Structure formats: C-alpha cells, structure tokens
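Each remark here refers to the structure printed beneath this line.
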Amino acid sequence: MIFSEKTLRALLIAGSGAVSLLLWYFALSTLVQNISLKEPVSAKISQWEVEEVKTDRYALRALYNYDFGGRTYQGNTLFQPVYLNEFSAIADLKREASSSKTAWISPSNPEKSTLEKISSLNFIVRAFISTLVMVYFILIYRRKYFKLG
C-alpha cells in the first residue's frame with residue numbers, strides 16, 4: 001500500500017476541501033456578477049456566430065448593441081449550453097435569432113453586460129454538497145483517530 005489509511009483519509013479531506021473551496025468561489029463569483037447586472041435594456045443583435053469552444057463542442061455567440069444613458073455600447077455573450085455538434089448549434093441559432101433579446105447591464109459600469117444571466121443556484125447546490133462530503137470525511141477521521149469523550 002502506497003499510503004497509510006490515516007494519510008489516505010487526510011488526503012480525502014484535503015481534496016474534498018479544495019473542491020469545495022473552488023465550487024464556493026464559482027458560486028459566489030457568479031452571484032456577485034448577477035447582482036451587479038441588474039438593469040435590463042433592449043438589445044439589438046448585430047451578428048450571431050457558432051463558435052467551437054472545445055474540440056467537438058460548439059456554443060452560440062451573439063454580438064449586440066444597446067443604448068444606456070444616451071450612449072451606445074457593444075457587447076457579446078457566449079451562450080450556454082454547449083452543443084455536441086455544429087448542426088444542433090445551427091438549428092438552435094435559427095430559433096434564437098428569431099427572438100428578441102434583453103441585455104442586462106451594470107448601471108455603475110454600463111460597458112459590462114450580458115444577454116444571459118448564469119444561474120448561481122446550480123453552483124451553490126454543488127458547493128453545499130461538496131462541503132457536506134468534506135464534513136463527513138472530517139467526522140469519520142475524528143471518530144477513527146481521536147478518542148472524544
């Protein structure tokens with residue numbers, strides 16, 4: 001055996017803690033981003049694209065313009081979900097192109113905008129579950145290696 005049982009359990013705690021911290025970071029950064037983007041404005045799409053984000057993974061990107069405070073701004077959004085092939089992305093692009101879009105902007109920084117707010121609930125649930133797993137590993141470790149009471 002490469003590691004002792006005690007070392008392996010400590011590594012499980014450290015690994016689950018690292019994953020938990022990373023997921024909480026994603027959850028909180030998404031939440032902060034959504035809180036700052038609170039002003040809805042009408043957006044005019046200037047161009048749609050199908051972008052290859054990974055090998056054999058495609059996503060829709062929209063380039064758009066919007067007016068706020070008497071000025072015109074430009075933005076772009078890479079939409080979720082990611083498609084497994086280009087044909088399904090193109091089919092969804094046709095559906096998306098026919099609908100009107102609302103840009104969400106930050107009133108204090110109007111250059112910051114998006115057409116799609118990412119839900120932070122998914123990240124929060126995953127972070128909470130990973131934290132519970134880490135706490136479980138800690139309780140097992142304490143029960144096994146420390147005599148309490």
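By convention in this document, the chains of the structure tokens carry letters A, B, ... by their order, each chain's residues are numbered from 1, and ligands are numbered from 1 in the order they are shown.
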Inset, instruction - Within 9 Å of A:Ile138, counting only C-alpha atoms, which residues show up once you throw out same-chain ones fewer than 4 positions away? Write them as number ranges by chain, please. - result: A: 9-10, 13, 133-134, 142-143
Inset, instruction - From a DSSP pass on the backbone, collect the residues of stretch 27-113 of chain A flagged as alpha helix (DSSP H) and hand them back as a list in words. - result: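 Result set for stretch 27-113 of chain A (alpha helix (DSSP H)): Ala27, Leu28, Ser29, Thr30, Leu31, Val32, Gln33, Asn34, Ile35, Ser36, Glu86, Phe87, Ser88, Ala89, Ile90, Ala91, Asp92, Leu93, Lys94, Arg95, Glu96 and Ala97 of chain A.
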Strand (DSSP E) per DSSP on the backbone: members of stretch 69-112 of chain A, as a short mmCIF file (atom, residue, chain, number, x, y, z; two decimals) with N, CA and C atoms, in the first residue's frame:
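Saved the output as selection_9.cif:
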```cif
data_model
loop_
_atom_site.label_atom_id
_atom_site.label_comp_id
_atom_site.auth_asym_id
_atom_site.auth_seq_id
_atom_site.Cartn_x
_atom_site.Cartn_y
_atom_site.Cartn_z
N ARG A 71 -25.72 56.90 -24.58
CA ARG A 71 -24.58 56.36 -25.33
C ARG A 71 -24.91 54.97 -25.84
N THR A 72 -24.23 54.57 -26.91
CA THR A 72 -24.40 53.23 -27.47
C THR A 72 -23.19 52.38 -27.08
N TYR A 73 -23.46 51.19 -26.59
CA TYR A 73 -22.42 50.26 -26.16
C TYR A 73 -22.50 48.98 -26.98
N GLN A 74 -21.39 48.26 -27.02
CA GLN A 74 -21.35 46.97 -27.70
C GLN A 74 -21.03 45.89 -26.68
N GLY A 75 -21.57 44.70 -26.92
CA GLY A 75 -21.28 43.59 -26.04
C GLY A 75 -21.32 42.29 -26.82
N ASN A 76 -20.88 41.23 -26.17
CA ASN A 76 -21.00 39.90 -26.76
C ASN A 76 -21.22 38.90 -25.63
N THR A 77 -21.99 37.87 -25.94
CA THR A 77 -22.32 36.84 -24.96
C THR A 77 -22.12 35.48 -25.58
N LEU A 78 -21.45 34.60 -24.85
CA LEU A 78 -21.31 33.20 -25.23
C LEU A 78 -22.37 32.44 -24.45
N LYS A 101 -34.08 40.05 -27.66
CA LYS A 101 -33.18 39.85 -26.53
C LYS A 101 -33.12 41.08 -25.64
N THR A 102 -32.90 40.83 -24.35
CA THR A 102 -32.70 41.88 -23.36
C THR A 102 -31.28 41.76 -22.83
N ALA A 103 -30.58 42.87 -22.80
CA ALA A 103 -29.24 42.90 -22.23
C ALA A 103 -29.36 43.31 -20.77
N TRP A 104 -28.61 42.65 -19.92
CA TRP A 104 -28.54 43.01 -18.51
C TRP A 104 -27.22 43.74 -18.31
N ILE A 105 -27.32 44.96 -17.78
CA ILE A 105 -26.11 45.78 -17.63
C ILE A 105 -25.94 46.22 -16.18
N SER A 106 -24.73 46.62 -15.88
CA SER A 106 -24.41 47.20 -14.59
C SER A 106 -24.57 48.71 -14.70
N ASN A 109 -21.35 50.54 -14.28
CA ASN A 109 -20.35 50.27 -15.32
C ASN A 109 -21.09 49.75 -16.56
N PRO A 110 -21.67 50.65 -17.37
CA PRO A 110 -22.53 50.21 -18.48
C PRO A 110 -21.83 49.41 -19.56
N GLU A 111 -20.48 49.39 -19.58
CA GLU A 111 -19.78 48.57 -20.56
C GLU A 111 -19.92 47.08 -20.24
N LYS A 112 -20.21 46.77 -19.01
CA LYS A 112 -20.35 45.38 -18.56
C LYS A 112 -21.79 44.94 -18.80
#
```
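The smallest atom-to-atom distance between A:Ser20 and any of A:Phe128, A:Trp48, A:Phe137, A:Tyr145, using only C-alpha atoms, is found for A:Phe128.
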Legend entry - Which of A:Ala43, A:Ala97, A:Val125, A:Val53 sits closest to A:Phe68 [using only C-alpha atoms]: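 Comparing A:Ala43, A:Ala97, A:Val125, A:Val53 against A:Phe68, the winner is A:Ala43.
Nearest to A:Glu86 of all the residues A:Ser98, A:Thr114, A:Thr55, A:Gly69 is A:Thr55, counting only C-alpha atoms.
One distance worth recording is that between atom CA of A:Arg126 and atom CA of A:Tyr141, which is 22.6 Å.
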Legend entry - Selected residue of minimal separation from A:Val82 among A:Lys54, A:Lys6, A:Lys94, A:Lys117, counting only C-alpha atoms: A:Lys54
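Separating atom CA of A:Arg95 from atom CA of A:Asn34 is a distance of 25.2 Å.
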